[in-house]
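Below: final-v3.tsv (TSV, C-alpha atoms)
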```
chain	number	residue	atom	x	y	z
A	1	GLU	CA	12.42	13.72	-3.18
A	2	ASP	CA	8.72	13.35	-2.42
A	3	GLN	CA	8.13	12.36	1.17
A	4	VAL	CA	5.25	11.38	3.40
A	5	THR	CA	5.69	11.50	7.17
A	6	GLN	CA	3.21	10.21	9.73
A	7	SER	CA	2.93	10.95	13.42
A	8	PRO	CA	2.74	9.61	15.98
A	9	GLU	CA	4.28	6.22	15.24
A	10	ALA	CA	1.99	4.62	17.80
A	11	LEU	CA	-1.07	5.77	19.70
A	12	ARG	CA	-2.95	4.12	22.53
A	13	LEU	CA	-6.47	5.30	23.31
A	14	GLN	CA	-9.19	4.25	25.65
A	15	GLU	CA	-12.48	3.33	24.05
A	16	GLY	CA	-14.40	6.55	23.42
A	17	GLU	CA	-11.30	8.78	23.62
A	18	SER	CA	-11.16	10.83	20.41
A	19	SER	CA	-7.86	11.79	18.77
A	20	SER	CA	-6.17	12.65	15.47
A	21	LEU	CA	-3.41	11.14	13.35
A	22	ASN	CA	-1.18	13.35	11.24
A	23	CYS	CA	0.26	12.93	7.75
A	24	SER	CA	2.54	15.59	6.31
A	25	TYR	CA	3.71	15.53	2.71
A	26	THR	CA	6.21	17.34	0.52
A	27	VAL	CA	4.81	16.33	-2.86
A	28	SER	CA	4.48	19.29	-5.18
A	29	GLY	CA	1.40	19.40	-7.40
A	30	LEU	CA	-0.54	17.01	-5.18
A	31	ARG	CA	-2.60	14.49	-7.13
A	32	GLY	CA	-4.35	13.05	-4.14
A	33	LEU	CA	-3.70	12.00	-0.57
A	34	PHE	CA	-4.78	8.45	0.26
A	35	TRP	CA	-5.60	6.89	3.61
A	36	TYR	CA	-5.52	3.12	4.14
A	37	ARG	CA	-6.15	0.87	7.12
A	38	GLN	CA	-3.98	-2.23	7.57
A	39	ASP	CA	-4.69	-5.07	9.97
A	40	PRO	CA	-1.81	-7.35	11.03
A	41	GLY	CA	-0.82	-9.81	8.31
A	42	LYS	CA	-3.21	-8.31	5.76
A	43	GLY	CA	-3.02	-5.94	2.82
A	44	PRO	CA	-3.95	-2.26	3.14
A	45	GLU	CA	-7.67	-1.50	2.91
A	46	PHE	CA	-8.64	1.72	1.14
A	47	LEU	CA	-10.40	4.34	3.26
A	48	PHE	CA	-10.32	7.79	1.63
A	49	THR	CA	-8.87	9.93	-1.13
A	50	LEU	CA	-8.56	13.71	-0.72
A	51	TYR	CA	-7.65	15.92	-3.67
A	52	SER	CA	-7.72	19.54	-2.58
A	53	ALA	CA	-7.10	21.66	0.50
A	54	GLY	CA	-10.22	22.05	2.58
A	55	GLU	CA	-11.71	18.77	1.45
A	56	GLU	CA	-13.16	16.45	4.11
A	57	LYS	CA	-14.47	12.87	3.94
A	58	GLU	CA	-16.15	10.76	6.59
A	59	LYS	CA	-16.77	7.10	7.18
A	60	GLU	CA	-18.31	5.92	10.42
A	61	ARG	CA	-16.04	7.17	13.22
A	62	LEU	CA	-13.31	8.38	10.85
A	63	LYS	CA	-12.98	11.80	9.22
A	64	ALA	CA	-10.11	12.77	6.95
A	65	THR	CA	-9.17	16.39	6.25
A	66	LEU	CA	-6.57	17.99	3.99
A	67	THR	CA	-4.59	21.24	4.10
A	68	LYS	CA	-1.86	22.40	1.74
A	69	LYS	CA	0.85	20.62	3.72
A	70	GLU	CA	-0.80	17.91	5.78
A	71	SER	CA	-3.75	15.64	6.30
A	72	PHE	CA	-5.44	14.57	9.51
A	73	LEU	CA	-7.40	11.42	10.26
A	74	HIS	CA	-9.75	12.21	13.12
A	75	ILE	CA	-11.13	9.29	15.10
A	76	THR	CA	-14.24	10.06	17.12
A	77	ALA	CA	-15.23	7.83	20.04
A	78	PRO	CA	-13.07	4.92	18.84
A	79	LYS	CA	-13.89	1.30	19.53
A	80	PRO	CA	-11.46	-1.62	19.97
A	81	GLU	CA	-12.22	-2.77	16.42
A	82	ASP	CA	-10.65	0.46	15.15
A	83	SER	CA	-7.27	-0.87	16.30
A	84	ALA	CA	-5.03	-1.14	13.22
A	85	THR	CA	-2.17	0.61	11.46
A	86	TYR	CA	-3.30	3.62	9.47
A	87	LEU	CA	-1.22	4.48	6.40
A	88	CYS	CA	-1.25	7.60	4.29
A	89	ALA	CA	0.21	7.79	0.80
A	90	SER	CA	0.59	10.13	-2.12
A	91	PRO	CA	1.53	9.69	-5.77
A	92	GLY	CA	4.12	11.86	-7.45
A	93	PRO	CA	3.26	15.08	-9.28
A	94	GLN	CA	1.27	15.18	-12.52
A	95	GLY	CA	3.18	13.58	-15.35
A	96	GLY	CA	5.38	11.70	-12.92
A	97	SER	CA	5.30	8.25	-11.41
A	98	GLU	CA	2.08	6.37	-10.75
A	99	LYS	CA	3.57	4.76	-7.67
A	100	LEU	CA	2.26	5.59	-4.22
A	101	VAL	CA	4.76	6.84	-1.66
A	102	PHE	CA	3.68	5.65	1.78
A	103	GLY	CA	4.41	6.89	5.25
A	104	LYS	CA	5.48	4.40	7.90
A	105	GLY	CA	2.02	4.39	9.43
A	106	THR	CA	0.49	5.04	12.82
A	107	LYS	CA	-0.27	1.96	14.89
A	108	LEU	CA	-3.49	2.65	16.77
A	109	THR	CA	-4.51	0.57	19.76
A	110	VAL	CA	-7.92	1.15	21.34
A	111	ASN	CA	-8.35	-0.43	24.73
A	112	PRO	CA	-11.82	-1.42	26.00
B	1	ASP	CA	-15.01	-12.37	-4.08
B	2	THR	CA	-14.05	-9.79	-6.71
B	3	GLY	CA	-11.05	-8.26	-4.94
B	4	VAL	CA	-7.34	-8.62	-5.69
B	5	SER	CA	-6.11	-12.13	-4.94
B	6	GLN	CA	-2.56	-13.34	-4.33
B	7	ASP	CA	-1.07	-16.81	-4.18
B	8	PRO	CA	0.50	-18.23	-2.13
B	9	ARG	CA	-0.32	-16.38	1.07
B	10	HIS	CA	2.82	-17.66	2.77
B	11	LYS	CA	6.09	-19.00	1.39
B	12	ILE	CA	9.06	-20.32	3.32
B	13	THR	CA	12.18	-21.02	1.29
B	14	LYS	CA	15.86	-21.60	1.77
B	15	ARG	CA	18.44	-19.04	0.75
B	16	GLY	CA	19.43	-19.46	-2.88
B	17	GLN	CA	16.12	-20.92	-4.05
B	18	ASN	CA	13.85	-19.28	-6.61
B	19	VAL	CA	10.28	-18.30	-5.74
B	20	THR	CA	7.34	-17.09	-7.82
B	21	PHE	CA	4.25	-15.25	-6.65
B	22	ARG	CA	1.01	-14.71	-8.52
B	23	CYS	CA	-1.42	-11.80	-8.44
B	24	ASP	CA	-4.90	-11.70	-9.96
B	25	PRO	CA	-6.20	-8.12	-10.13
B	26	ILE	CA	-9.79	-6.89	-10.04
B	27	SER	CA	-11.12	-7.98	-13.42
B	28	GLU	CA	-11.73	-4.61	-15.12
B	29	HIS	CA	-8.52	-3.01	-13.80
B	30	ASN	CA	-5.82	-2.30	-16.38
B	31	ARG	CA	-3.09	-1.21	-13.96
B	32	LEU	CA	-1.23	-3.57	-11.67
B	33	TYR	CA	1.40	-2.73	-9.06
B	34	TRP	CA	3.83	-4.68	-6.88
B	35	TYR	CA	5.01	-3.37	-3.51
B	36	ARG	CA	7.18	-4.81	-0.75
B	37	GLN	CA	6.59	-4.18	2.96
B	38	THR	CA	8.87	-4.96	5.87
B	39	LEU	CA	7.95	-4.84	9.55
B	40	GLY	CA	7.23	-1.34	10.81
B	41	GLN	CA	7.47	0.24	7.36
B	42	GLY	CA	4.94	1.36	4.79
B	43	PRO	CA	4.75	-0.46	1.45
B	44	GLU	CA	7.57	0.37	-0.98
B	45	PHE	CA	6.94	0.43	-4.72
B	46	LEU	CA	8.62	-2.22	-6.86
B	47	THR	CA	7.04	-2.10	-10.32
B	48	TYR	CA	3.93	-1.17	-12.29
B	49	PHE	CA	2.14	-2.46	-15.38
B	50	GLN	CA	-0.43	-0.87	-17.60
B	51	ASN	CA	-2.07	-3.73	-19.44
B	52	GLU	CA	0.86	-5.98	-20.40
B	53	ALA	CA	3.47	-3.22	-20.54
B	54	GLN	CA	5.84	-2.80	-17.60
B	55	LEU	CA	6.07	0.99	-17.41
B	56	GLU	CA	8.10	1.61	-14.28
B	57	LYS	CA	10.57	-0.24	-12.09
B	58	SER	CA	12.05	0.89	-8.80
B	59	ARG	CA	15.78	0.78	-8.23
B	60	LEU	CA	14.83	-1.56	-5.36
B	61	LEU	CA	14.09	-4.15	-8.05
B	62	SER	CA	17.47	-5.82	-8.43
B	63	ASP	CA	18.42	-8.09	-11.33
B	64	ARG	CA	17.22	-11.04	-9.26
B	65	PHE	CA	13.64	-9.79	-9.45
B	66	SER	CA	11.49	-10.08	-12.55
B	67	ALA	CA	7.82	-9.39	-13.07
B	68	GLU	CA	5.53	-10.22	-15.95
B	69	ARG	CA	1.95	-9.61	-16.97
B	70	PRO	CA	1.79	-11.59	-20.20
B	71	LYS	CA	-1.81	-11.04	-21.26
B	72	GLY	CA	-2.61	-7.94	-19.29
B	73	SER	CA	-4.50	-9.95	-16.69
B	74	PHE	CA	-2.66	-11.80	-13.89
B	75	SER	CA	0.93	-11.01	-13.00
B	76	THR	CA	3.84	-13.00	-11.59
B	77	LEU	CA	6.78	-11.79	-9.54
B	78	GLU	CA	9.83	-14.06	-9.50
B	79	ILE	CA	12.78	-13.75	-7.15
B	80	GLN	CA	15.87	-15.72	-8.15
B	81	ARG	CA	18.59	-16.82	-5.72
B	82	THR	CA	16.68	-15.57	-2.70
B	83	GLU	CA	18.55	-13.85	0.13
B	84	GLN	CA	17.53	-13.39	3.76
B	85	GLY	CA	17.00	-9.68	3.06
B	86	ASP	CA	14.21	-10.61	0.65
B	87	SER	CA	12.04	-11.69	3.60
B	88	ALA	CA	9.04	-9.36	3.51
B	89	MET	CA	5.36	-9.09	2.64
B	90	TYR	CA	4.88	-8.76	-1.12
B	91	LEU	CA	1.75	-6.82	-1.95
B	92	CYS	CA	-0.07	-6.53	-5.25
B	93	ALA	CA	-2.51	-3.74	-6.06
B	94	SER	CA	-4.65	-2.90	-9.05
B	95	SER	CA	-6.48	0.16	-10.33
B	96	PHE	CA	-8.60	1.31	-13.22
B	97	GLY	CA	-6.39	3.95	-14.81
B	98	ARG	CA	-8.22	6.90	-16.31
B	99	GLY	CA	-5.25	9.26	-16.51
B	100	GLY	CA	-4.79	11.25	-13.31
B	101	GLN	CA	-4.47	9.40	-10.05
B	102	ASP	CA	-6.87	6.58	-9.40
B	103	THR	CA	-7.37	4.37	-6.36
B	104	GLN	CA	-5.13	1.36	-5.86
B	105	TYR	CA	-6.79	-1.63	-4.21
B	106	PHE	CA	-4.51	-4.09	-2.48
B	107	GLY	CA	-4.53	-7.85	-2.20
B	108	PRO	CA	-3.88	-9.79	1.01
B	109	GLY	CA	-0.16	-10.13	0.30
B	110	THR	CA	2.32	-12.99	0.16
B	111	ARG	CA	4.52	-13.36	3.23
B	112	LEU	CA	8.00	-14.58	2.21
B	113	THR	CA	10.41	-16.00	4.75
B	114	VAL	CA	13.93	-16.84	3.56
B	115	LEU	CA	15.82	-19.13	5.91
```
For the structure just supplied, provide its representation as structure tokens.
Amino acid sequence: EDQVTQSPEALRLQEGESSSLNCSYTVSGLRGLFWYRQDPGKGPEFLFTLYSAGEEKEKERLKATLTKKESFLHITAPKPEDSATYLCASPGPQGGSEKLVFGKGTKLTVNP
Amino acid sequence: DTGVSQDPRHKITKRGQNVTFRCDPISEHNRLYWYRQTLGQGPEFLTYFQNEAQLEKSRLLSDRFSAERPKGSFSTLEIQRTEQGDSAMYLCASSFGRGGQDTQYFGPGTRLTVL
């Protein structure tokens, strides 16, 4: 069964302290790896899609990278407003389901 | 606002009652998805429409759950005879399917509490 696993479950950083979140997946024939941000009580907000190993995408203080087995979300010099739960997700293989399989998320807290 | 909208945002009901949620997707999107999310978990897939056709249902979707998208625009999700275990955030997403994987954009969710 296709699985997406995120680590750590929770991460506390001081403002300006850079770190990385991990997402490992077991989907064969990857059709994309998606990153979302979710604030409490709200729906997930799309951040990035990565399609092939070696691909990188950036947005402000966030950079997402992809290897053959995992993806990293690097957060550089985070600010308190970056506090949220970060979710990664992947669809099934080509010709399979269109559903996204999500990890449980990493809850990031950035202290001022 | 041209994003996905959901109504109501919050619903409190008593066990055994029926509830219905509505989702309005982004206007040009032909695919619509329903997910359920409980505390500390990622969203779990429930069902998916392409235009008005319901193409996939999760085994999580018991007989008490039914979803429709009658004209390929908005969708409704009905839960009959609600149970306390149905308490969750119900999320709707939409995408513009072009074959291959496309990006799903989520609405704000409907928080259901079953007493």
Q: Kindly indicate which residue among B:Phe21, B:Gly42, B:Lys71, B:Ser94 lies nearest to Gly107 of chain B, using all atoms listed in the file for the distances.
A: B:Ser94
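Interatomic distance, atom CA of Glu45 of chain A against atom CA of Phe106 of chain B: 6.8 Å.
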(Q) Using all atoms listed in the file, I'd like every residue of chain A that has an atom within 9 Å of chain B; please write them out as a ChimeraX atom specification. (A) /A:31-32,34,41-46,49,87-89,91,94-95,97-105
Q: Please identify all polymer residues within 10 Å of Arg64 of chain B, counting all atoms listed in the file, omitting same-chain residues fewer than 4 positions from it, and present them as number ranges by chain.
A: B: 18, 78-83
Q. Which is closest to Ser5 of chain B among B:Asn30, B:Phe74, B:Ser87, B:Arg59, if we use only C-alpha atoms?
A. B:Phe74
Q.
Show me the residues around (-4.5, 4.8, 9.8) - criterion: an atom at most 10 Å away, all atoms listed in the file counted - as a PyMOL selection string.
A. chain A and resi 6+20-23+35-39+44-45+47+62+72-75+82-88+105-108
Output C-alpha atoms for every residue in that selection, as an mmCIF file, keeping the file's coordinate frame.
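Saved to out-v6.cif:
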```cif
data_model
loop_
_atom_site.group_PDB
_atom_site.id
_atom_site.type_symbol
_atom_site.label_atom_id
_atom_site.label_comp_id
_atom_site.auth_asym_id
_atom_site.auth_seq_id
_atom_site.Cartn_x
_atom_site.Cartn_y
_atom_site.Cartn_z
ATOM 1 C CA GLN A 6 3.210 10.210 9.730
ATOM 2 C CA SER A 20 -6.170 12.650 15.470
ATOM 3 C CA LEU A 21 -3.410 11.140 13.350
ATOM 4 C CA ASN A 22 -1.180 13.350 11.240
ATOM 5 C CA CYS A 23 0.260 12.930 7.750
ATOM 6 C CA TRP A 35 -5.600 6.890 3.610
ATOM 7 C CA TYR A 36 -5.520 3.120 4.140
ATOM 8 C CA ARG A 37 -6.150 0.870 7.120
ATOM 9 C CA GLN A 38 -3.980 -2.230 7.570
ATOM 10 C CA ASP A 39 -4.690 -5.070 9.970
ATOM 11 C CA PRO A 44 -3.950 -2.260 3.140
ATOM 12 C CA GLU A 45 -7.670 -1.500 2.910
ATOM 13 C CA LEU A 47 -10.400 4.340 3.260
ATOM 14 C CA LEU A 62 -13.310 8.380 10.850
ATOM 15 C CA PHE A 72 -5.440 14.570 9.510
ATOM 16 C CA LEU A 73 -7.400 11.420 10.260
ATOM 17 C CA HIS A 74 -9.750 12.210 13.120
ATOM 18 C CA ILE A 75 -11.130 9.290 15.100
ATOM 19 C CA ASP A 82 -10.650 0.460 15.150
ATOM 20 C CA SER A 83 -7.270 -0.870 16.300
ATOM 21 C CA ALA A 84 -5.030 -1.140 13.220
ATOM 22 C CA THR A 85 -2.170 0.610 11.460
ATOM 23 C CA TYR A 86 -3.300 3.620 9.470
ATOM 24 C CA LEU A 87 -1.220 4.480 6.400
ATOM 25 C CA CYS A 88 -1.250 7.600 4.290
ATOM 26 C CA GLY A 105 2.020 4.390 9.430
ATOM 27 C CA THR A 106 0.490 5.040 12.820
ATOM 28 C CA LYS A 107 -0.270 1.960 14.890
ATOM 29 C CA LEU A 108 -3.490 2.650 16.770
#
```
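As for atom CA of Lys57 of chain A and atom CA of Ser19 of chain A, they are spaced 16.3 Å apart.
Considering the residues B:Leu60, B:Ser95, B:Glu52, B:Leu115 and counting all atoms listed in the file, Glu28 of chain B has its shortest atom-to-atom contact with B:Ser95.
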Q: Please determine the residues with any atom at most 7 Å from (10.0, -11.2, -8.1) (coordinates as given in the file, with only C-alpha atoms counting) and report them as a ChimeraX atom specification.
A: /B:20,65-67,77-79
Q) Mind pulling up the distance from atom CA of Arg69 of chain B to atom CA of Asp24 of chain B? A) 10.0 Å
Q: Using all atoms listed in the file, determine which residues lie at most 7 Å from Leu13 of chain A, disregarding the query and same-chain residues fewer than 4 positions distant; provide the list as a count of residues only.
A: 4
Q) Glu70 of chain A: which residues within 10 Å, counting all atoms listed in the file, same-chain residues fewer than 6 positions away excluded, as number ranges by chain? A) A: 4-6, 22-26, 33, 53
Please return the centre and edge lengths, in Å to one decimal, of a box with edges along x, y and z that contains all listed atoms of segment 61-75 of chain A, widened by 3 Å on every side, as AutoDock Vina command-line options.
```
--center_x -7.6 --center_y 14.8 --center_z 8.4 --size_x 22.9 --size_y 21.2 --size_z 19.4
```
Q: Would you please work out which residue, of A:Leu30, A:Leu66, A:Gly92, A:Pro80, is nearest to Leu50 of chain A when using all atoms listed in the file?
A: A:Leu66
Q: Give the answer as one residue: which of B:Gln54, B:Thr13, B:Gln6, B:Ser62 has the shortest atom-to-atom distance to Gln84 of chain B, using only C-alpha atoms?
A: B:Thr13
